[in-house]
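Reproduced below: entry.cif, with mmCIF, C-alpha atoms.
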```
data_my_file
#
loop_
_atom_site.label_atom_id
_atom_site.label_comp_id
_atom_site.auth_asym_id
_atom_site.auth_seq_id
_atom_site.Cartn_x
_atom_site.Cartn_y
_atom_site.Cartn_z
CA ASN A 66 -93.24 82.95 272.12
CA ALA A 67 -93.07 86.75 272.00
CA GLY A 68 -95.89 86.87 269.42
CA VAL A 69 -95.84 90.02 267.29
CA THR A 70 -93.29 92.63 268.30
CA GLN A 71 -92.95 96.18 267.01
CA THR A 72 -90.18 98.73 267.33
CA PRO A 73 -90.01 101.51 268.24
CA LYS A 74 -92.91 102.00 270.66
CA PHE A 75 -92.86 105.78 270.25
CA GLN A 76 -91.32 108.09 267.64
CA VAL A 77 -91.41 111.79 266.90
CA LEU A 78 -90.36 112.96 263.44
CA LYS A 79 -90.13 116.28 261.70
CA THR A 80 -91.90 116.79 258.39
CA GLY A 81 -89.79 115.38 255.57
CA GLN A 82 -87.80 112.94 257.68
CA SER A 83 -87.80 109.27 256.89
CA MET A 84 -88.00 106.25 259.12
CA THR A 85 -88.77 102.54 259.13
CA LEU A 86 -91.14 100.81 261.50
CA GLN A 87 -90.13 97.27 262.31
CA CYS A 88 -92.38 94.27 262.89
CA ALA A 89 -91.44 90.70 263.64
CA GLN A 90 -93.40 87.58 264.53
CA ASP A 91 -92.15 84.27 265.88
CA MET A 92 -95.28 82.21 265.21
CA ASN A 93 -94.27 81.04 261.72
CA HIS A 94 -97.22 82.88 260.18
CA ASN A 95 -97.25 83.41 256.43
CA SER A 96 -99.39 86.54 256.26
CA MET A 97 -98.55 89.91 257.79
CA TYR A 98 -100.34 93.26 257.81
CA TRP A 99 -99.78 96.94 258.58
CA TYR A 100 -102.68 99.06 259.84
CA ARG A 101 -103.00 102.62 261.05
CA GLN A 102 -105.43 103.78 263.72
CA ASP A 103 -106.56 107.39 263.91
CA PRO A 104 -108.87 109.01 266.48
CA GLY A 105 -112.51 108.63 265.51
CA MET A 106 -111.71 106.14 262.77
CA GLY A 107 -111.43 102.41 262.58
CA LEU A 108 -108.18 100.67 261.81
CA ARG A 109 -107.30 100.95 258.13
CA LEU A 110 -105.11 98.57 256.19
CA ILE A 111 -101.99 100.13 254.67
CA TYR A 112 -100.22 97.12 253.13
CA TYR A 113 -100.22 93.39 253.57
CA SER A 114 -98.05 90.45 252.65
CA ALA A 115 -99.66 87.10 251.94
CA SER A 116 -96.33 85.31 251.99
CA GLU A 117 -92.60 85.92 251.96
CA GLY A 118 -91.64 87.89 248.87
CA THR A 119 -95.10 89.28 248.13
CA THR A 120 -96.74 92.54 249.14
CA ASP A 121 -100.01 94.22 248.20
CA LYS A 122 -101.63 97.58 248.76
CA GLY A 123 -104.43 98.00 251.23
CA GLU A 124 -106.88 100.84 251.66
CA VAL A 125 -104.41 103.68 252.42
CA PRO A 126 -100.98 102.90 250.88
CA ASN A 127 -99.99 106.38 249.71
CA GLY A 128 -96.85 107.70 251.37
CA TYR A 129 -95.68 104.27 252.55
CA ASN A 130 -93.50 101.44 251.31
CA VAL A 131 -93.10 97.96 252.76
CA SER A 132 -90.56 95.18 252.71
CA ARG A 133 -91.16 91.55 253.58
CA LEU A 134 -87.57 90.81 254.49
CA ASN A 135 -88.18 87.17 255.37
CA LYS A 136 -90.98 85.12 256.85
CA ARG A 137 -90.55 86.72 260.28
CA GLU A 138 -90.17 90.41 259.43
CA PHE A 139 -92.36 92.98 257.70
CA SER A 140 -91.22 96.61 257.76
CA LEU A 141 -93.08 99.81 256.95
CA ARG A 142 -91.14 102.80 255.60
CA LEU A 143 -92.11 106.45 255.50
CA GLU A 144 -89.84 108.10 252.94
CA SER A 145 -90.89 111.70 253.63
CA ALA A 146 -93.07 111.96 256.71
CA ALA A 147 -96.06 114.30 256.73
CA PRO A 148 -98.21 115.48 259.67
CA SER A 149 -101.11 113.49 258.18
CA GLN A 150 -99.13 110.34 258.97
CA THR A 151 -99.34 111.01 262.71
CA SER A 152 -101.06 107.87 263.92
CA VAL A 153 -100.74 104.63 265.81
CA TYR A 154 -99.39 101.87 263.59
CA PHE A 155 -100.22 98.23 264.23
CA CYS A 156 -98.65 95.18 262.70
CA ALA A 157 -100.52 91.87 262.61
CA SER A 158 -99.88 88.34 261.44
CA ARG A 159 -102.08 85.39 260.49
CA PRO A 160 -101.37 81.69 260.02
CA THR A 161 -102.21 80.12 256.68
CA GLY A 162 -105.68 78.62 256.55
CA HIS A 163 -106.83 80.44 259.68
CA ASN A 164 -108.88 83.60 259.94
CA GLU A 165 -107.66 85.08 263.19
CA GLN A 166 -105.14 87.92 263.06
CA PHE A 167 -102.72 88.52 265.93
CA PHE A 168 -101.71 92.09 266.65
CA GLY A 169 -98.58 93.74 267.98
CA PRO A 170 -98.61 96.46 270.66
CA GLY A 171 -98.35 99.35 268.20
CA THR A 172 -96.00 102.22 267.37
CA ARG A 173 -97.15 105.72 268.25
CA LEU A 174 -95.80 108.11 265.62
CA THR A 175 -96.02 111.89 265.75
CA VAL A 176 -94.94 114.00 262.76
CA LEU A 177 -94.40 117.66 263.56
CA LYS B 42 -117.40 99.56 249.82
CA GLN B 43 -117.92 97.72 253.10
CA GLU B 44 -118.70 99.98 256.06
CA VAL B 45 -118.83 98.85 259.69
CA THR B 46 -120.71 100.82 262.32
CA GLN B 47 -120.62 100.31 266.06
CA ILE B 48 -123.26 101.70 268.38
CA PRO B 49 -123.00 103.14 270.96
CA ALA B 50 -119.63 104.90 270.69
CA ALA B 51 -119.33 104.85 274.48
CA LEU B 52 -121.15 103.03 277.24
CA SER B 53 -120.96 103.27 281.02
CA VAL B 54 -122.58 100.60 283.20
CA PRO B 55 -122.46 99.61 286.87
CA GLU B 56 -120.57 96.46 287.80
CA GLY B 57 -122.60 93.28 287.53
CA GLU B 58 -124.84 94.45 284.74
CA ASN B 59 -125.32 92.44 281.55
CA LEU B 60 -124.71 94.48 278.41
CA VAL B 61 -124.87 94.32 274.63
CA LEU B 62 -122.59 95.96 272.10
CA ASN B 63 -123.78 96.33 268.53
CA CYS B 64 -122.02 96.08 265.20
CA SER B 65 -123.57 96.50 261.76
CA PHE B 66 -122.07 96.12 258.28
CA THR B 67 -123.34 97.22 254.90
CA ASP B 68 -122.32 94.28 252.69
CA SER B 69 -123.60 90.91 253.88
CA ALA B 70 -121.15 88.98 251.67
CA ILE B 71 -118.65 88.37 254.45
CA TYR B 72 -116.49 85.38 255.34
CA ASN B 73 -116.42 86.05 259.07
CA LEU B 74 -116.71 88.66 261.79
CA GLN B 75 -114.26 89.15 264.61
CA TRP B 76 -114.60 90.95 267.93
CA PHE B 77 -111.48 92.50 269.51
CA ARG B 78 -110.69 94.17 272.78
CA GLN B 79 -108.27 97.10 272.95
CA ASP B 80 -106.93 98.45 276.24
CA PRO B 81 -105.61 102.04 276.36
CA GLY B 82 -102.21 102.29 274.72
CA LYS B 83 -102.20 98.61 273.83
CA GLY B 84 -102.69 96.42 270.81
CA LEU B 85 -105.77 94.41 269.90
CA THR B 86 -106.70 91.12 271.51
CA SER B 87 -109.01 88.81 269.61
CA LEU B 88 -112.05 87.79 271.66
CA LEU B 89 -114.32 85.84 269.33
CA LEU B 90 -114.45 84.98 265.64
CA ILE B 91 -117.72 83.92 263.99
CA GLN B 92 -117.66 82.27 260.59
CA SER B 93 -120.33 83.35 258.11
CA SER B 94 -122.02 79.96 258.47
CA GLN B 95 -122.28 80.27 262.25
CA ARG B 96 -124.90 82.04 264.32
CA GLU B 97 -122.95 82.53 267.53
CA GLN B 98 -119.77 81.89 269.47
CA THR B 99 -119.22 81.81 273.20
CA SER B 100 -116.18 82.26 275.39
CA GLY B 101 -116.70 82.49 279.12
CA ARG B 102 -118.92 85.48 279.88
CA LEU B 103 -118.85 86.62 276.25
CA ASN B 104 -121.32 85.61 273.58
CA ALA B 105 -121.23 86.95 270.04
CA SER B 106 -124.05 86.47 267.57
CA LEU B 107 -124.16 87.01 263.82
CA ASP B 108 -127.12 87.69 261.55
CA LYS B 109 -125.43 87.91 258.18
CA SER B 110 -128.56 88.57 256.16
CA SER B 111 -129.41 91.67 258.17
CA GLY B 112 -125.78 92.77 258.51
CA ARG B 113 -125.67 92.70 262.29
CA SER B 114 -123.64 91.26 265.12
CA THR B 115 -123.94 91.67 268.86
CA LEU B 116 -121.45 91.06 271.65
CA TYR B 117 -123.12 90.13 274.91
CA ILE B 118 -121.11 90.51 278.13
CA ALA B 119 -122.62 88.87 281.19
CA ALA B 120 -122.08 90.07 284.74
CA SER B 121 -119.74 92.89 283.75
CA GLN B 122 -116.62 93.59 285.81
CA PRO B 123 -114.36 96.66 286.07
CA GLY B 124 -111.69 94.63 284.28
CA ASP B 125 -113.96 94.55 281.22
CA SER B 126 -113.42 98.29 280.75
CA ALA B 127 -111.81 98.71 277.33
CA THR B 128 -112.67 99.59 273.75
CA TYR B 129 -114.37 96.80 271.82
CA LEU B 130 -113.88 96.64 268.06
CA CYS B 131 -115.63 94.53 265.49
CA ALA B 132 -114.17 93.73 262.10
CA VAL B 133 -115.48 91.87 259.07
CA ARG B 134 -113.54 89.97 256.48
CA ALA B 135 -115.01 90.28 252.99
CA GLY B 136 -112.20 88.79 250.93
CA SER B 137 -108.45 88.24 250.62
CA TYR B 138 -108.26 88.22 254.42
CA GLN B 139 -108.50 92.01 254.59
CA LEU B 140 -110.44 93.25 257.60
CA THR B 141 -112.74 96.27 257.73
CA PHE B 142 -113.02 97.68 261.24
CA GLY B 143 -115.65 99.67 263.07
CA LYS B 144 -114.64 102.66 265.18
CA GLY B 145 -115.28 100.81 268.41
CA THR B 146 -117.37 101.08 271.55
CA LYS B 147 -115.61 102.40 274.64
CA LEU B 148 -116.93 100.51 277.66
CA SER B 149 -116.57 101.70 281.24
CA VAL B 150 -117.70 99.39 284.05
CA ILE B 151 -118.16 101.34 287.26
CA PRO B 152 -117.37 99.50 290.54
#
```

Entire entry expressed as structure tokens:
Amino acid sequence: NAGVTQTPKFQVLKTGQSMTLQCAQDMNHNSMYWYRQDPGMGLRLIYYSASEGTTDKGEVPNGYNVSRLNKREFSLRLESAAPSQTSVYFCASRPTGHNEQFFGPGTRLTVL
Amino acid sequence: KQEVTQIPAALSVPEGENLVLNCSFTDSAIYNLQWFRQDPGKGLTSLLLIQSSQREQTSGRLNASLDKSSGRSTLYIAASQPGDSATYLCAVRAGSYQLTFGKGTKLSVIP
């Protein structure tokens, strides 16, 4: 099992550009999450998906959209990137009925 | 709004020492608390998860305790090793499986 994978690992964007961060898990988990991690702050939840076909806002959803394409994949889209979205983005998944979340390696995004 | 605080922000200890990392949370109505390890440039690895009904969990040299009523958890690391150097994060789940994270404690174990 690869676990939770994220692509790309690194990305540099210019202000106003758009891009999609990809996340996939091969553990047959129902729930998936997107977090951002900024220096001096804890991880903050952007969006989550409790199951295929459903998505909900987390603590900091503004400026982002998500798609739960199927059970395996959960993508995060920045329509018009801003410097404030420079961060490390983590995807996580969780099996139904269990509390533990499993994290991917992260995508390091810089918006100039 | 739930807030999670971790003290100290950074800690440096000589190899072999036992150490304690602290985590406090403002709302005691939690389902569970989870401790993670994060290595530089890497994702998070779950170390221990304590349910709200439990007082502690152990895994190898790690022991995590939970005092829900006082809003505190500690992570005890016995006989520290240089390989334990990392940032340790605690997170609480208060509902709908959303986690609230602390900012972490950066641990350096000096050989």

Under the rule of at most 8 Å, produce a per-residue listing of chain B near chain A: chain, number, name, the closest pair of atoms, and the distance in Å, as JSON lines, using only C-alpha atoms.
```
{"residue": "B:Asn73", "atom": "CA", "partner": "A:Asn164", "partner_atom": "CA", "distance": 8.0}
{"residue": "B:Gln75", "atom": "CA", "partner": "A:Glu165", "partner_atom": "CA", "distance": 7.9}
{"residue": "B:Gly82", "atom": "CA", "partner": "A:Pro170", "partner_atom": "CA", "distance": 8.0}
{"residue": "B:Lys83", "atom": "CA", "partner": "A:Pro170", "partner_atom": "CA", "distance": 5.2}
{"residue": "B:Gly84", "atom": "CA", "partner": "A:Pro170", "partner_atom": "CA", "distance": 4.1}
{"residue": "B:Leu85", "atom": "CA", "partner": "A:Phe168", "partner_atom": "CA", "distance": 5.7}
{"residue": "B:Thr86", "atom": "CA", "partner": "A:Phe168", "partner_atom": "CA", "distance": 7.0}
{"residue": "B:Ser87", "atom": "CA", "partner": "A:Phe167", "partner_atom": "CA", "distance": 7.3}
{"residue": "B:Leu90", "atom": "CA", "partner": "A:Glu165", "partner_atom": "CA", "distance": 7.2}
{"residue": "B:Tyr138", "atom": "CA", "partner": "A:Asn164", "partner_atom": "CA", "distance": 7.2}
{"residue": "B:Gln139", "atom": "CA", "partner": "A:Leu110", "partner_atom": "CA", "distance": 7.6}
{"residue": "B:Leu140", "atom": "CA", "partner": "A:Leu110", "partner_atom": "CA", "distance": 7.7}
{"residue": "B:Thr141", "atom": "CA", "partner": "A:Arg109", "partner_atom": "CA", "distance": 7.2}
{"residue": "B:Phe142", "atom": "CA", "partner": "A:Gly107", "partner_atom": "CA", "distance": 5.2}
{"residue": "B:Gly143", "atom": "CA", "partner": "A:Gly107", "partner_atom": "CA", "distance": 5.1}
{"residue": "B:Lys144", "atom": "CA", "partner": "A:Gly107", "partner_atom": "CA", "distance": 4.1}
{"residue": "B:Gly145", "atom": "CA", "partner": "A:Gly107", "partner_atom": "CA", "distance": 7.2}
```

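Between CA of Arg96 (chain B) and CA of Ser121 (chain B) there is a distance of 22.8 Å.
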
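With only C-alpha atoms as the atoms that count, the minimum distance from Gln92 (chain B) to the choices B:Cys64, B:Leu74, B:Ala132, B:Ala105 is reached by B:Leu74.
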
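For the pair CA of Val61 (chain B) and CA of Ala119 (chain B), the separation is 8.8 Å.
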
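Run against this file, the PyMOL selection byres ((chain A and resi 83) around 8) gives back Leu78, Gly81, Gln82, Met84, Thr85, Arg142, Leu143, Glu144, Ser145 and Ala146 of chain A.
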
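Candidate residues B:Gly112, B:Gly136, B:Gly101, B:Pro81 were compared for distance to Thr46 (chain B), and the nearest is B:Gly112, using only C-alpha atoms.
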
What are the centre and the three edge lengths of an axis-aligned box that wraps all atoms of region 117-126 of chain A in the file, given that 4 Å is added to every side, written as JSON and rounded to one decimal in Å?
```
{"center_x": -99.3, "center_y": 94.8, "center_z": 250.3, "size_x": 23.2, "size_y": 25.8, "size_z": 12.3}
```

Distance in Å - CA of Ala89 (chain A) versus CA of Val69 (chain A)
5.8 Å

Would you mind putting back all heavy atoms on region 109-120 of chain A, then writing it out as a PDB file, in the coordinates of the input?
```pdb
ATOM      1  N   ARG A 109    -107.303 101.034 259.586  1.00  0.00           N
ATOM      2  CA  ARG A 109    -107.300 100.950 258.130  1.00  0.00           C
ATOM      3  C   ARG A 109    -106.042 100.247 257.658  1.00  0.00           C
ATOM      4  O   ARG A 109    -104.950 100.537 258.142  1.00  0.00           O
ATOM      5  CB  ARG A 109    -107.410 102.352 257.520  1.00  0.00           C
ATOM      6  CG  ARG A 109    -108.748 103.029 257.761  1.00  0.00           C
ATOM      7  CD  ARG A 109    -108.777 104.421 257.153  1.00  0.00           C
ATOM      8  NE  ARG A 109    -107.848 105.334 257.835  1.00  0.00           N
ATOM      9  CZ  ARG A 109    -107.544 106.545 257.400  1.00  0.00           C
ATOM     10  NH1 ARG A 109    -108.061 106.984 256.268  1.00  0.00           N
ATOM     11  NH2 ARG A 109    -106.720 107.311 258.083  1.00  0.00           N
ATOM     12  N   LEU A 110    -106.213  99.371 256.689  1.00  0.00           N
ATOM     13  CA  LEU A 110    -105.110  98.570 256.190  1.00  0.00           C
ATOM     14  C   LEU A 110    -104.236  99.387 255.256  1.00  0.00           C
ATOM     15  O   LEU A 110    -104.739  99.995 254.302  1.00  0.00           O
ATOM     16  CB  LEU A 110    -105.654  97.335 255.467  1.00  0.00           C
ATOM     17  CG  LEU A 110    -104.625  96.350 254.941  1.00  0.00           C
ATOM     18  CD1 LEU A 110    -103.881  95.680 256.093  1.00  0.00           C
ATOM     19  CD2 LEU A 110    -105.305  95.288 254.067  1.00  0.00           C
ATOM     20  N   ILE A 111    -102.923  99.379 255.507  1.00  0.00           N
ATOM     21  CA  ILE A 111    -101.990 100.130 254.670  1.00  0.00           C
ATOM     22  C   ILE A 111    -101.419  99.197 253.590  1.00  0.00           C
ATOM     23  O   ILE A 111    -101.525  99.484 252.396  1.00  0.00           O
ATOM     24  CB  ILE A 111    -100.836 100.704 255.516  1.00  0.00           C
ATOM     25  CG1 ILE A 111    -101.383 101.549 256.674  1.00  0.00           C
ATOM     26  CG2 ILE A 111     -99.900 101.543 254.640  1.00  0.00           C
ATOM     27  CD1 ILE A 111    -100.312 101.977 257.663  1.00  0.00           C
ATOM     28  N   TYR A 112    -100.793  98.128 254.008  1.00  0.00           N
ATOM     29  CA  TYR A 112    -100.220  97.120 253.130  1.00  0.00           C
ATOM     30  C   TYR A 112    -100.353  95.765 253.810  1.00  0.00           C
ATOM     31  O   TYR A 112    -100.450  95.683 255.013  1.00  0.00           O
ATOM     32  CB  TYR A 112     -98.723  97.383 252.886  1.00  0.00           C
ATOM     33  CG  TYR A 112     -98.389  98.271 251.708  1.00  0.00           C
ATOM     34  CD1 TYR A 112     -98.198  99.640 251.894  1.00  0.00           C
ATOM     35  CD2 TYR A 112     -98.229  97.740 250.433  1.00  0.00           C
ATOM     36  CE1 TYR A 112     -97.872 100.460 250.820  1.00  0.00           C
ATOM     37  CE2 TYR A 112     -97.897  98.555 249.357  1.00  0.00           C
ATOM     38  CZ  TYR A 112     -97.723  99.913 249.556  1.00  0.00           C
ATOM     39  OH  TYR A 112     -97.386 100.720 248.492  1.00  0.00           O
ATOM     40  N   TYR A 113    -100.285  94.724 253.009  1.00  0.00           N
ATOM     41  CA  TYR A 113    -100.220  93.390 253.570  1.00  0.00           C
ATOM     42  C   TYR A 113     -99.310  92.518 252.712  1.00  0.00           C
ATOM     43  O   TYR A 113     -98.997  92.861 251.567  1.00  0.00           O
ATOM     44  CB  TYR A 113    -101.607  92.775 253.727  1.00  0.00           C
ATOM     45  CG  TYR A 113    -102.340  92.460 252.439  1.00  0.00           C
ATOM     46  CD1 TYR A 113    -102.386  91.157 251.937  1.00  0.00           C
ATOM     47  CD2 TYR A 113    -103.026  93.461 251.752  1.00  0.00           C
ATOM     48  CE1 TYR A 113    -103.071  90.875 250.777  1.00  0.00           C
ATOM     49  CE2 TYR A 113    -103.712  93.180 250.588  1.00  0.00           C
ATOM     50  CZ  TYR A 113    -103.742  91.887 250.104  1.00  0.00           C
ATOM     51  OH  TYR A 113    -104.423  91.608 248.944  1.00  0.00           O
ATOM     52  N   SER A 114     -98.915  91.408 253.320  1.00  0.00           N
ATOM     53  CA  SER A 114     -98.050  90.450 252.650  1.00  0.00           C
ATOM     54  C   SER A 114     -98.612  89.060 252.882  1.00  0.00           C
ATOM     55  O   SER A 114     -98.658  88.594 254.010  1.00  0.00           O
ATOM     56  CB  SER A 114     -96.624  90.539 253.200  1.00  0.00           C
ATOM     57  OG  SER A 114     -95.829  89.479 252.723  1.00  0.00           O
ATOM     58  N   ALA A 115     -99.055  88.430 251.808  1.00  0.00           N
ATOM     59  CA  ALA A 115     -99.660  87.100 251.940  1.00  0.00           C
ATOM     60  C   ALA A 115     -98.615  86.022 252.199  1.00  0.00           C
ATOM     61  O   ALA A 115     -98.930  84.972 252.767  1.00  0.00           O
ATOM     62  CB  ALA A 115    -100.472  86.765 250.698  1.00  0.00           C
ATOM     63  N   SER A 116     -97.409  86.272 251.761  1.00  0.00           N
ATOM     64  CA  SER A 116     -96.330  85.310 251.990  1.00  0.00           C
ATOM     65  C   SER A 116     -95.004  86.011 251.759  1.00  0.00           C
ATOM     66  O   SER A 116     -94.953  87.127 251.218  1.00  0.00           O
ATOM     67  CB  SER A 116     -96.460  84.104 251.060  1.00  0.00           C
ATOM     68  OG  SER A 116     -96.349  84.523 249.704  1.00  0.00           O
ATOM     69  N   GLU A 117     -93.936  85.349 252.156  1.00  0.00           N
ATOM     70  CA  GLU A 117     -92.600  85.920 251.960  1.00  0.00           C
ATOM     71  C   GLU A 117     -92.390  86.249 250.497  1.00  0.00           C
ATOM     72  O   GLU A 117     -92.687  85.442 249.619  1.00  0.00           O
ATOM     73  CB  GLU A 117     -91.567  84.895 252.437  1.00  0.00           C
ATOM     74  CG  GLU A 117     -90.142  85.381 252.376  1.00  0.00           C
ATOM     75  CD  GLU A 117     -89.175  84.308 252.863  1.00  0.00           C
ATOM     76  OE1 GLU A 117     -89.640  83.273 253.384  1.00  0.00           O
ATOM     77  OE2 GLU A 117     -87.949  84.519 252.727  1.00  0.00           O
ATOM     78  N   GLY A 118     -91.934  87.466 250.231  1.00  0.00           N
ATOM     79  CA  GLY A 118     -91.640  87.890 248.870  1.00  0.00           C
ATOM     80  C   GLY A 118     -92.793  88.548 248.148  1.00  0.00           C
ATOM     81  O   GLY A 118     -92.627  89.014 247.017  1.00  0.00           O
ATOM     82  N   THR A 119     -93.962  88.624 248.764  1.00  0.00           N
ATOM     83  CA  THR A 119     -95.100  89.280 248.130  1.00  0.00           C
ATOM     84  C   THR A 119     -95.652  90.371 249.031  1.00  0.00           C
ATOM     85  O   THR A 119     -95.701  90.217 250.247  1.00  0.00           O
ATOM     86  CB  THR A 119     -96.235  88.290 247.827  1.00  0.00           C
ATOM     87  OG1 THR A 119     -96.809  87.835 249.050  1.00  0.00           O
ATOM     88  CG2 THR A 119     -95.737  87.097 247.041  1.00  0.00           C
ATOM     89  N   THR A 120     -96.069  91.471 248.406  1.00  0.00           N
ATOM     90  CA  THR A 120     -96.740  92.540 249.140  1.00  0.00           C
ATOM     91  C   THR A 120     -97.846  93.118 248.274  1.00  0.00           C
ATOM     92  O   THR A 120     -97.748  93.100 247.032  1.00  0.00           O
ATOM     93  CB  THR A 120     -95.773  93.673 249.536  1.00  0.00           C
ATOM     94  OG1 THR A 120     -95.199  94.244 248.356  1.00  0.00           O
ATOM     95  CG2 THR A 120     -94.658  93.172 250.443  1.00  0.00           C
TER      96      THR A 120
END
```
